[in-house]
>>> print(open('entry34.txt').read())   # compact mmCIF, C-alpha atoms
# COMPACT_ATOMS: atom_id res chain seq x y z
CA MET A 67 0.00 0.00 0.00
CA PRO A 68 1.40 3.42 -0.90
CA ARG A 69 2.52 5.65 1.94
CA PHE A 70 0.74 8.93 2.40
CA CYS A 71 1.64 12.52 2.28
CA TYR A 72 -0.87 14.09 4.66
CA ASP A 73 -2.19 17.49 3.70
CA SER A 74 -4.03 19.96 5.86
CA ARG A 75 -6.95 20.68 3.52
CA GLY A 76 -8.98 17.52 3.91
CA GLY A 77 -8.14 16.44 0.38
CA THR A 78 -9.80 19.39 -1.32
CA SER A 79 -8.26 21.31 -4.15
CA GLN A 80 -7.91 24.96 -3.21
CA GLY A 81 -4.64 26.49 -4.26
CA GLY A 82 -1.09 25.58 -3.35
CA PHE A 83 -0.12 22.82 -1.02
CA SER A 84 2.88 21.85 0.99
CA GLY A 85 2.65 19.26 3.73
CA ASP A 86 4.99 16.99 5.62
CA SER A 87 4.19 13.31 5.70
CA GLY A 88 6.19 12.77 8.84
CA GLN A 89 8.29 10.33 6.83
CA GLY A 90 10.70 12.85 5.37
CA GLU A 91 8.69 13.41 2.19
CA ARG A 92 7.39 16.75 1.01
CA CYS A 93 4.36 17.34 -1.21
CA THR A 94 4.86 20.37 -3.33
CA TYR A 95 2.12 20.37 -5.97
CA ASN A 96 -0.21 23.23 -6.49
CA GLU A 97 -3.60 22.86 -8.17
CA LYS A 98 -2.39 23.95 -11.60
CA GLU A 99 0.57 21.57 -11.64
CA MET A 100 -1.61 18.66 -10.58
CA THR A 101 -4.24 19.22 -13.24
CA ASP A 102 -1.44 19.21 -15.83
CA LEU A 103 -0.30 15.73 -14.83
CA THR A 104 -1.54 12.70 -16.75
CA ASP A 105 -3.33 9.89 -14.94
CA ALA A 106 -0.25 7.69 -15.17
CA GLU A 107 1.93 10.45 -13.70
CA LEU A 108 -0.52 10.97 -10.85
CA VAL A 109 -0.49 7.24 -10.11
CA THR A 110 3.31 7.22 -10.06
CA GLU A 111 3.38 10.20 -7.70
CA CYS A 112 0.77 8.56 -5.50
CA LEU A 113 2.81 5.35 -5.29
CA GLY A 114 5.68 7.57 -4.19
CA GLY A 115 3.57 8.74 -1.24
CA LYS A 116 1.70 11.81 -2.49
CA MET A 117 -1.88 11.43 -1.36
CA ASP A 118 -3.00 14.73 -2.88
CA CYS A 119 -2.34 13.16 -6.30
CA PHE A 120 -4.85 10.42 -5.56
CA ALA A 121 -7.38 13.07 -4.49
CA GLU A 122 -6.88 14.68 -7.91
CA LEU A 123 -7.62 11.33 -9.62
CA VAL A 124 -10.81 11.00 -7.57
CA ARG A 125 -11.90 14.52 -8.52
CA ARG A 126 -11.29 13.76 -12.20
CA TYR A 127 -13.45 10.65 -12.32
CA GLN A 128 -15.89 10.93 -9.45
CA ASP A 129 -18.80 11.90 -11.74
CA PRO A 130 -18.63 8.98 -14.21
CA VAL A 131 -18.02 6.48 -11.40
CA TYR A 132 -20.86 7.86 -9.29
CA ASN A 133 -23.13 8.00 -12.35
CA LEU A 134 -22.44 4.34 -13.09
CA ALA A 135 -23.15 3.31 -9.49
CA TYR A 136 -26.31 5.40 -9.46
CA ARG A 137 -27.60 3.91 -12.71
CA MET A 138 -26.93 0.43 -11.39
CA THR A 139 -28.58 0.93 -8.01
CA SER A 140 -31.12 3.74 -8.54
CA ASN A 141 -30.29 4.85 -5.02
CA ALA A 142 -28.22 7.94 -4.24
CA SER A 143 -26.71 6.94 -0.90
CA GLU A 144 -25.97 3.40 -2.03
CA ALA A 145 -24.36 4.83 -5.17
CA GLU A 146 -22.11 7.13 -3.16
CA ASP A 147 -21.06 4.31 -0.88
CA LEU A 148 -20.22 2.03 -3.82
CA ALA A 149 -18.41 4.76 -5.74
CA GLN A 150 -16.30 5.58 -2.67
CA GLU A 151 -15.52 1.90 -2.15
CA ALA A 152 -14.46 1.59 -5.81
CA PHE A 153 -11.90 4.38 -5.42
CA ILE A 154 -10.63 2.93 -2.14
CA ARG A 155 -10.13 -0.47 -3.77
CA ALA A 156 -8.39 1.17 -6.70
CA PHE A 157 -6.06 2.86 -4.23
CA ARG A 158 -5.26 -0.47 -2.59
CA LYS A 159 -4.51 -2.04 -5.98
CA LEU A 160 -2.66 0.94 -7.38
CA ARG A 161 0.55 -1.02 -7.92
CA LYS A 162 -1.34 -3.15 -10.41
CA TYR A 163 -2.45 -0.22 -12.53
CA LYS A 164 -1.16 -0.33 -16.11
CA PRO A 165 -0.57 3.10 -17.65
CA GLU A 166 -1.66 1.92 -21.10
CA TYR A 167 -5.25 1.61 -19.82
CA GLN A 168 -7.49 4.49 -18.83
CA PHE A 169 -7.68 5.03 -15.08
CA ARG A 170 -11.36 5.99 -15.48
CA ASN A 171 -12.25 2.66 -17.10
CA TRP A 172 -10.31 0.73 -14.50
CA VAL A 173 -12.16 2.32 -11.56
CA MET A 174 -15.48 1.95 -13.38
CA THR A 175 -14.80 -1.77 -13.85
CA ILE A 176 -14.08 -2.09 -10.13
CA CYS A 177 -17.29 -0.19 -9.39
CA ALA A 178 -19.35 -2.36 -11.77
CA ASN A 179 -18.02 -5.57 -10.18
CA LEU A 180 -18.60 -4.27 -6.65
CA THR A 181 -22.15 -3.27 -7.50
CA LYS A 182 -22.90 -6.60 -9.18
CA ASN A 183 -21.69 -8.43 -6.07
CA ARG A 184 -23.79 -6.24 -3.82
CA PHE A 185 -26.81 -6.82 -6.06
CA ARG A 186 -26.39 -10.56 -5.75
CA SER A 187 -26.72 -10.39 -2.00
CA VAL A 188 -28.97 -7.44 -1.23
CA VAL A 189 -30.74 -5.78 -4.08
CA ARG A 190 -32.61 -8.68 -5.67
CA LYS A 191 -35.54 -8.02 -3.40
CA ARG A 192 -35.37 -4.29 -4.02
CA ASN A 193 -35.58 -4.70 -7.81
CA ALA A 194 -39.22 -5.58 -7.48
CA GLU A 195 -39.81 -2.45 -5.45
CA GLU A 196 -37.67 -0.20 -7.63
CA ALA A 197 -40.48 0.90 -9.92
CA HIS A 198 -42.33 2.31 -6.92
CA LEU A 199 -39.52 4.54 -5.74
CA ASP A 200 -40.27 8.22 -5.77
CA LEU A 201 -38.45 9.43 -8.86
CA TYR A 202 -39.05 13.07 -8.04
CA SER A 203 -37.38 12.96 -4.64
CA ARG A 204 -34.01 11.85 -6.07
CA HIS A 205 -34.05 13.98 -9.16
CA PRO A 206 -31.43 16.76 -9.27
CA ASP A 207 -33.65 19.30 -11.00
CA PRO A 208 -37.30 18.64 -10.27
CA MET A 209 -38.34 21.78 -12.16
CA ASP A 210 -37.46 20.44 -15.61
CA PRO A 211 -40.30 18.19 -16.82
CA ARG A 212 -38.37 16.89 -19.84
CA ARG A 213 -35.51 15.79 -17.60
CA ILE A 214 -37.95 14.16 -15.20
CA ALA A 215 -39.54 12.27 -18.09
CA LEU A 216 -36.11 11.12 -19.25
CA GLU A 217 -35.09 10.00 -15.77
CA GLU A 218 -38.36 8.15 -15.34
CA ALA A 219 -37.92 6.39 -18.67
CA ILE A 220 -34.27 5.47 -17.95
CA THR A 221 -35.28 4.04 -14.57
CA LEU A 222 -37.98 1.91 -16.19
CA LEU A 223 -35.42 0.22 -18.44
CA PRO A 224 -34.10 -3.08 -17.12
CA ARG A 225 -30.68 -2.68 -15.50
CA SER A 226 -29.02 -4.87 -18.14
CA LEU A 227 -30.01 -2.30 -20.80
CA ARG A 228 -29.91 0.86 -18.71
CA VAL A 229 -26.26 0.66 -17.72
CA PRO A 230 -24.77 0.02 -21.21
CA LEU A 231 -26.94 2.85 -22.57
CA VAL A 232 -25.69 5.29 -19.94
CA LEU A 233 -22.05 4.31 -20.45
CA LYS A 234 -22.36 4.73 -24.22
CA HIS A 235 -24.51 7.83 -24.52
CA VAL A 236 -24.07 9.68 -21.23
CA GLU A 237 -20.41 8.90 -20.57
CA GLY A 238 -19.51 8.81 -24.27
CA MET A 239 -17.66 5.49 -24.09
CA SER A 240 -16.89 3.35 -27.12
CA TYR A 241 -18.57 -0.05 -27.43
CA GLU A 242 -15.20 -1.66 -26.65
CA GLU A 243 -15.00 0.31 -23.41
CA VAL A 244 -18.59 -0.55 -22.47
CA SER A 245 -17.86 -4.23 -23.03
CA GLY A 246 -14.64 -4.01 -20.96
CA VAL A 247 -16.22 -2.22 -18.00
CA LEU A 248 -19.25 -4.50 -17.81
CA GLY A 249 -17.45 -7.74 -18.68
CA ILE A 250 -19.76 -8.52 -21.61
CA SER A 251 -18.95 -9.25 -25.26
CA LEU A 252 -18.70 -6.50 -27.84
CA SER A 253 -21.75 -7.76 -29.73
CA ALA A 254 -23.75 -7.93 -26.47
CA ALA A 255 -22.78 -4.33 -25.70
CA LYS A 256 -23.94 -3.16 -29.14
CA MET A 257 -27.14 -5.15 -28.98
CA ARG A 258 -28.03 -3.92 -25.49
CA VAL A 259 -27.43 -0.27 -26.35
CA LYS A 260 -29.58 -0.62 -29.48
CA ARG A 261 -32.40 -2.28 -27.54
CA ALA A 262 -32.13 0.30 -24.77
CA ARG A 263 -32.44 3.15 -27.27
CA ASP A 264 -35.49 1.57 -28.89
CA GLU A 265 -37.18 0.96 -25.55
CA LEU A 266 -36.29 4.42 -24.27
CA THR A 267 -37.72 6.09 -27.36
CA ALA A 268 -40.95 4.13 -26.94
CA LEU A 269 -41.15 4.93 -23.21
CA LEU A 270 -40.50 8.64 -23.78
CA GLY A 271 -43.17 8.69 -26.48
CA GLN A 272 -45.69 7.16 -24.08
CA THR A 273 -44.92 9.40 -21.09
CA GLU A 274 -44.77 12.60 -23.12
CA SER A 275 -47.98 11.98 -25.05
CA ALA A 276 -49.69 11.13 -21.75
CA ALA A 277 -48.42 14.44 -20.33
CA LYS A 278 -49.73 16.35 -23.36
CA GLU A 279 -53.15 14.75 -23.02
CA LYS A 280 -53.22 15.67 -19.36
CA LYS A 281 -52.39 19.29 -20.19
CA SER A 282 -55.05 19.63 -22.86
CA MET B 815 -32.59 14.58 -42.77
CA ASN B 816 -35.39 12.07 -42.16
CA GLY B 817 -37.59 11.92 -39.04
CA GLY B 818 -35.73 8.94 -37.59
CA ASP B 819 -32.37 10.72 -37.73
CA TYR B 820 -33.84 13.82 -36.11
CA GLN B 821 -35.39 11.73 -33.33
CA ASP B 822 -32.05 9.93 -32.80
CA ARG B 823 -30.18 13.20 -32.55
CA GLN B 824 -32.68 14.60 -30.09
CA LEU B 825 -32.37 11.52 -27.94
CA ASP B 826 -28.55 11.75 -28.02
CA GLU B 827 -28.71 15.37 -26.91
CA ARG B 828 -31.08 14.59 -24.06
CA LEU B 829 -29.01 11.63 -22.89
CA ALA B 830 -25.78 13.64 -22.98
CA SER B 831 -27.20 15.90 -20.28
CA ALA B 832 -28.37 13.06 -18.05
CA ARG B 833 -25.17 12.51 -16.11
CA MET B 834 -25.62 12.38 -12.34
CA GLN B 835 -22.91 14.34 -10.55
CA ALA B 836 -21.14 13.05 -7.49
CA PRO B 837 -22.26 14.86 -4.32
CA ASP B 838 -20.21 17.81 -3.04
CA GLY B 839 -17.18 16.81 -0.98
CA PHE B 840 -17.05 13.32 -2.50
CA ALA B 841 -13.27 13.32 -3.09
CA SER B 842 -12.61 14.58 0.45
CA ARG B 843 -14.70 11.78 1.90
CA VAL B 844 -12.84 9.14 -0.13
CA VAL B 845 -9.48 10.49 1.03
CA ALA B 846 -10.72 10.71 4.62
CA ARG B 847 -11.83 7.07 4.54
CA ILE B 848 -8.46 5.94 3.20
CA ARG B 849 -6.66 7.94 5.88
CA GLU B 850 -8.91 6.56 8.56
CA GLU B 851 -8.10 2.99 7.50
CA GLU B 852 -4.40 3.79 7.40
CA SER B 853 -4.32 5.53 10.76
CA SER B 854 -6.29 2.78 12.49
CA ALA B 855 -3.79 0.25 11.14
CA ALA B 856 -0.97 2.49 12.40
CA SER B 857 -2.48 2.89 15.86
CA VAL B 858 -2.87 -0.87 16.26
CA TRP B 859 0.84 -1.14 15.45
CA SER B 860 1.78 1.58 17.95
CA LEU B 861 -0.22 -0.17 20.68
CA LEU B 862 1.69 -3.37 20.03
CA TRP B 863 5.04 -1.59 19.83
CA PRO B 864 5.24 1.39 22.25
CA ALA B 865 8.38 3.51 21.83
CA GLY B 866 11.27 2.29 23.92
CA GLN B 867 9.38 -0.66 25.40
CA TRP B 868 10.89 -3.69 23.78
CA PHE B 869 9.69 -6.19 26.35
CA VAL B 870 6.04 -5.84 25.26
CA PRO B 871 6.57 -6.89 21.63
CA ALA B 872 9.21 -9.40 22.67
CA ALA B 873 6.83 -11.07 25.13
CA ALA B 874 3.98 -10.91 22.61
CA GLY B 875 6.19 -12.46 19.92
CA ALA B 876 7.33 -15.24 22.23
CA LEU B 877 3.75 -15.99 23.24
CA ALA B 878 2.57 -15.98 19.63
CA THR B 879 5.38 -18.35 18.62
CA LEU B 880 4.56 -20.67 21.51
CA LEU B 881 0.87 -20.71 20.57
CA LEU B 882 1.76 -21.35 16.94
CA VAL B 883 4.00 -24.28 17.84
CA ILE B 884 1.33 -25.74 20.13
CA GLY B 885 -1.31 -25.23 17.46
CA ILE B 886 0.73 -26.93 14.76
CA THR B 887 1.76 -29.77 17.05
CA PHE B 888 -1.64 -30.63 18.43
CA PHE B 889 -4.05 -29.56 15.75
CA GLY B 890 -2.08 -29.65 12.51
CA ARG B 891 -4.15 -28.66 9.53
CA HIS B 892 -7.39 -29.58 11.25
CA GLY B 893 -6.94 -26.80 13.82
CA GLY B 894 -6.47 -23.92 11.34
CA GLU B 895 -8.41 -22.57 8.42
CA ASN B 896 -5.45 -21.97 6.11
CA VAL B 897 -4.84 -24.28 3.21
CA LYS B 898 -1.53 -24.85 1.47
CA VAL B 899 -1.87 -24.21 -2.25
CA THR B 900 0.83 -24.88 -4.81
CA PHE B 901 0.85 -22.55 -7.78
CA GLU B 902 2.55 -23.72 -10.95
CA LEU B 903 3.38 -22.06 -14.25
CA HIS B 904 5.08 -23.60 -17.25
CA ALA B 905 7.53 -20.95 -18.48
CA PRO B 906 10.80 -22.59 -19.58
CA ASP B 907 12.25 -19.36 -21.01
CA ALA B 908 11.46 -17.13 -18.05
CA HIS B 909 14.16 -15.80 -15.74
CA GLN B 910 11.83 -14.98 -12.86
CA VAL B 911 8.19 -15.69 -12.03
CA GLU B 912 6.32 -13.93 -9.23
CA LEU B 913 2.85 -14.51 -7.82
CA ALA B 914 0.56 -11.64 -6.84
CA GLY B 915 -3.07 -11.67 -5.91
CA SER B 916 -5.88 -10.42 -3.75
CA PHE B 917 -4.34 -12.38 -0.85
CA ASN B 918 -1.29 -10.06 -0.74
CA ASP B 919 -2.81 -6.83 -2.06
CA TRP B 920 -1.22 -7.55 -5.44
CA ALA B 921 2.18 -6.72 -4.01
CA ARG B 922 5.04 -7.82 -6.20
CA GLY B 923 8.31 -9.33 -5.09
CA ARG B 924 6.92 -11.09 -2.01
CA ILE B 925 6.13 -14.46 -3.54
CA VAL B 926 8.76 -15.60 -6.03
CA LEU B 927 8.31 -19.03 -7.61
CA ASP B 928 11.08 -21.63 -7.63
CA GLY B 929 12.22 -22.83 -11.00
CA PRO B 930 12.45 -23.64 -13.69
CA ASP B 931 12.70 -27.36 -13.06
CA ALA B 932 13.74 -29.84 -15.75
CA THR B 933 10.34 -29.59 -17.39
CA GLY B 934 10.27 -25.78 -17.38
CA ASN B 935 7.81 -25.46 -14.50
CA TRP B 936 7.92 -22.80 -11.78
CA THR B 937 6.23 -23.52 -8.44
CA ALA B 938 5.43 -21.83 -5.13
CA THR B 939 3.46 -23.17 -2.19
CA VAL B 940 1.46 -20.58 -0.29
CA SER B 941 -0.75 -20.87 2.78
CA LEU B 942 -4.10 -19.19 2.11
CA PRO B 943 -7.27 -18.71 4.12
CA ALA B 944 -10.50 -20.24 2.89
CA GLY B 945 -12.44 -18.11 0.44
CA ARG B 946 -12.17 -16.66 -3.03
CA HIS B 947 -8.81 -15.38 -4.28
CA GLU B 948 -7.81 -13.72 -7.54
CA TYR B 949 -4.25 -13.95 -8.78
CA LEU B 950 -1.83 -13.52 -11.68
CA PHE B 951 1.76 -14.43 -12.42
CA MET B 952 4.30 -11.74 -13.25
CA VAL B 953 6.92 -13.07 -15.66
CA ASP B 954 10.36 -11.43 -15.80
CA GLY B 955 9.00 -8.37 -14.02
CA ARG B 956 7.15 -7.06 -17.06
CA GLU B 957 4.29 -9.31 -18.13
CA TRP B 958 1.17 -10.29 -16.20
CA VAL B 959 0.18 -13.84 -17.14
CA THR B 960 -3.14 -15.49 -16.33
CA ASP B 961 -2.82 -19.04 -15.02
CA PRO B 962 -3.60 -21.23 -18.06
CA LYS B 963 -4.61 -24.06 -15.72
CA ALA B 964 -7.27 -22.03 -13.89
CA THR B 965 -10.90 -22.86 -14.51
CA VAL B 966 -12.55 -19.68 -13.28
CA PHE B 967 -11.65 -16.16 -14.44
CA ARG B 968 -12.73 -12.60 -13.82
CA PRO B 969 -12.11 -9.44 -15.90
CA ASP B 970 -9.26 -7.39 -14.43
CA GLY B 971 -10.36 -4.07 -15.90
CA PHE B 972 -7.42 -3.93 -18.29
CA GLY B 973 -8.89 -6.17 -20.95
CA ASN B 974 -7.29 -9.26 -19.41
CA ARG B 975 -8.56 -11.76 -16.87
CA ASN B 976 -7.52 -12.65 -13.36
CA ALA B 977 -7.49 -16.33 -12.44
CA VAL B 978 -9.91 -17.13 -9.62
CA LEU B 979 -9.27 -19.72 -6.93
CA ASP B 980 -11.99 -20.88 -4.56
CA ILE B 981 -10.83 -22.66 -1.42
>>> encode(input="entry34.txt", output="C-alpha cells")
Amino acid sequence: MPRFCYDSRGGTSQGGFSGDSGQGERCTYNEKEMTDLTDAELVTECLGGKMDCFAELVRRYQDPVYNLAYRMTSNASEAEDLAQEAFIRAFRKLRKYKPEYQFRNWVMTICANLTKNRFRSVVRKRNAEEAHLDLYSRHPDPMDPRRIALEEAITLLPRSLRVPLVLKHVEGMSYEEVSGVLGISLSAAKMRVKRARDELTALLGQTESAAKEKKS
Amino acid sequence: MNGGDYQDRQLDERLASARMQAPDGFASRVVARIREEESSAASVWSLLWPAGQWFVPAAAGALATLLLVIGITFFGRHGGENVKVTFELHAPDAHQVELAGSFNDWARGRIVLDGPDATGNWTATVSLPAGRHEYLFMVDGREWVTDPKATVFRPDGFGNRNAVLDI
C-alpha cells in the first residue's frame, strides 16, 4: 500500500499545497501543476507517497463512477457508498495499474463488479420495489419536466439495458469500453445499447404523449 | 434529414445531459476514509510496539510463537483454516516468475516461484485462508500472465482476466 503525504486541507483542491508526511517526504504540488499531470503520472506520484495526487484522480473521475453506481442501483446513498468503495479499492490495488489503460475505465470496472456483487446479496428483493420509488425525490432538477420524463424512462429500463446505454450515450464510451467495464462481449454491448435506445424512445413517447393529453 | 435521424439526434442530446454528478465533498470523503483505515492500522501497530518498550513486543512475539508451535503440534491442519496451495506455471524461457493476488494486495516481489525445473515449471506453495482469491503471475518483471490451468476467471479491468481460486 502506498505511503501517504498528509495534507491539511482535507483532500480538497484549493490552491497551493505543501505538507509533511512525517516520513521525510514533502508534497509540493499546487492545483495547476496537478491538473497538468496525466493519470499515469498521478499514479506514479501517488505510489511515491503523495496522497494529494490520488485526491486529484478522484476529482477527475468521481462523476462517471458515481453516475455508473447510481444507474446500477437507482439509489443515491448506495451509489455514493459504492463509488467511494471503488476508489478505495483502486487505491489499494494501485501497484497493479497499467498506464496503457485508462484510469477511469479501471475504476469503473471495479465499481461495476462491486455493484454486481452487492446486487447478488442485497438488491434482488429491491428490484421488485424499484419501480415504486419516488423518482421526483431523487431527481437533481425537479423543475425540468423533460428531464424528469427522461429520468423516469431510464429508470424503467431493465438494469441490463440501462447501464450500457448510460455508459455509451451519457459517458460517451466506445462499445469496446462498455464491453470491458461490464465484462460482456462486444456484440452484447452493441445489442443492449440498441435495444435500450429503442425501448427508451418508446417509453418517452408514451410518457410525453400522456403528459400532453393531461395538459389539454 | 429524415424523421428517424432527427429523433435519434434529439435523444442523443437529451441523454448527454443526463449525467448524475457526485455529491459535493465526495473526493474529500474518499481520502478521509483511506486515511482513517491507514491511521487505524498504524495505531494498532503503535499499541503493540510502544516507543522504547521492547519487552512488550518481545513477550507478545514469544507468546505468539509458543501458541503457533502448540497449534501446529496438536491440531495440525485440522486446527487452522489456512490451506496450502501450490501454484505452478510452465515458463521454460522465463528468468523470474512472481505470484501476486488479492491475498497479498497484489504486491510484487513477495512471492517468487522456484524454477524452472527440468520440465520448465515454476512452483510456489502458499498458505491461504479459505475463500475466493484472484491472482496472476508476473513473468520477468514485465508481463502479467493469467494461469492457463485455472478454470474460473474474472475481468481485471485492463482487458485481461484474473485467475480465480476458490478454497
>>> closest_atom_pairs(input="entry34.txt", of="chain B", to="chain A", cutoff="10 Å", atoms="only C-alpha atoms", output="Markdown table")
| residue | atom | partner | partner_atom | distance |
| --- | --- | --- | --- | --- |
| B:Gln821 | CA | A:Thr267 | CA | 8.5 |
| B:Asp822 | CA | A:Thr267 | CA | 8.7 |
| B:Leu825 | CA | A:Thr267 | CA | 7.6 |
| B:Asp826 | CA | A:His235 | CA | 6.6 |
| B:Glu827 | CA | A:His235 | CA | 9.0 |
| B:Arg828 | CA | A:Leu216 | CA | 7.8 |
| B:Leu829 | CA | A:Val236 | CA | 5.6 |
| B:Ala830 | CA | A:Val236 | CA | 4.7 |
| B:Ser831 | CA | A:Val236 | CA | 7.0 |
| B:Ala832 | CA | A:Val236 | CA | 6.3 |
| B:Arg833 | CA | A:Val236 | CA | 6.0 |
| B:Met834 | CA | A:Asn133 | CA | 5.0 |
| B:Gln835 | CA | A:Asp129 | CA | 4.9 |
| B:Ala836 | CA | A:Asp129 | CA | 5.0 |
| B:Pro837 | CA | A:Glu146 | CA | 7.8 |
| B:Gly839 | CA | A:Thr78 | CA | 7.8 |
| B:Phe840 | CA | A:Gln128 | CA | 7.4 |
| B:Ala841 | CA | A:Val124 | CA | 5.6 |
| B:Ser842 | CA | A:Gly77 | CA | 4.8 |
| B:Arg843 | CA | A:Gln150 | CA | 7.9 |
| B:Val844 | CA | A:Gln150 | CA | 5.6 |
| B:Val845 | CA | A:Gly77 | CA | 6.1 |
| B:Ala846 | CA | A:Gly76 | CA | 7.1 |
| B:Arg847 | CA | A:Ile154 | CA | 7.9 |
| B:Ile848 | CA | A:Ile154 | CA | 6.5 |
| B:Arg849 | CA | A:Phe70 | CA | 8.2 |
| B:Glu851 | CA | A:Ile154 | CA | 10.0 |
| B:Glu852 | CA | A:Phe70 | CA | 8.8 |
| B:Ala914 | CA | A:Lys162 | CA | 9.4 |
| B:Gly915 | CA | A:Lys159 | CA | 9.7 |
| B:Ser916 | CA | A:Lys159 | CA | 8.8 |
| B:Asp919 | CA | A:Lys159 | CA | 6.4 |
| B:Trp920 | CA | A:Lys159 | CA | 6.4 |
| B:Ala921 | CA | A:Arg161 | CA | 7.1 |
| B:Arg922 | CA | A:Arg161 | CA | 8.3 |
| B:Trp958 | CA | A:Lys162 | CA | 9.5 |
| B:Arg968 | CA | A:Gly249 | CA | 8.3 |
| B:Pro969 | CA | A:Gly249 | CA | 6.3 |
| B:Asp970 | CA | A:Thr175 | CA | 7.9 |
| B:Gly971 | CA | A:Trp172 | CA | 5.0 |
| B:Phe972 | CA | A:Tyr167 | CA | 6.1 |
| B:Gly973 | CA | A:Gly246 | CA | 6.1 |
| B:Asn974 | CA | A:Gly246 | CA | 9.2 |
| B:Arg975 | CA | A:Gly249 | CA | 9.9 |
>>> closest_atom_pairs(input="entry34.txt", of="range 893-928 of chain B", to="range 944-953 of chain B", cutoff="7 Å", atoms="only C-alpha atoms", output="Markdown table")
| residue | atom | partner | partner_atom | distance |
| --- | --- | --- | --- | --- |
| B:Glu895 | CA | B:Ala944 | CA | 6.4 |
| B:Asn896 | CA | B:Ala944 | CA | 6.2 |
| B:Val897 | CA | B:Ala944 | CA | 7.0 |
| B:Ala908 | CA | B:Val953 | CA | 6.5 |
| B:Gln910 | CA | B:Val953 | CA | 6.0 |
| B:Val911 | CA | B:Val953 | CA | 4.7 |
| B:Glu912 | CA | B:Met952 | CA | 5.0 |
| B:Leu913 | CA | B:Phe951 | CA | 4.7 |
| B:Ala914 | CA | B:Tyr949 | CA | 5.7 |
| B:Gly915 | CA | B:Tyr949 | CA | 3.9 |
| B:Ser916 | CA | B:Glu948 | CA | 5.4 |
| B:Phe917 | CA | B:His947 | CA | 6.4 |
>>> closest_residue(input="entry34.txt", among="A:Val229, A:Cys112, A:Met239, A:Leu223", to="Glu265 in chain A", atoms="all atoms listed in the file")
A:Leu223
>>> atom_distance(input="entry34.txt", atom1="CA of Ile981 in chain B", atom2="CA of Ser941 in chain B")
11.1 Å
>>> atom_distance(input="entry34.txt", atom1="CA of Met257 in chain A", atom2="CA of Ala178 in chain A")
19.1 Å
>>> axis_aligned_box(input="entry34.txt", around="range 236-245 of chain A", padding_each_side="3 Å", output="JSON")
{"center_x": -19.5, "center_y": 2.7, "center_z": -24.0, "size_x": 15.1, "size_y": 19.9, "size_z": 12.9}
>>> atom_distance(input="entry34.txt", atom1="CA of Asp838 in chain B", atom2="CA of Ile214 in chain A")
21.8 Å
>>> residues_around(input="entry34.txt", residues="Leu903 in chain B", least_positions_apart="2", cutoff="12 Å", atoms="all atoms listed in the file", output="PyMOL selection string")
chain B and resi 900-901+905-908+910-913+926-931+933-938+950-953+959-964
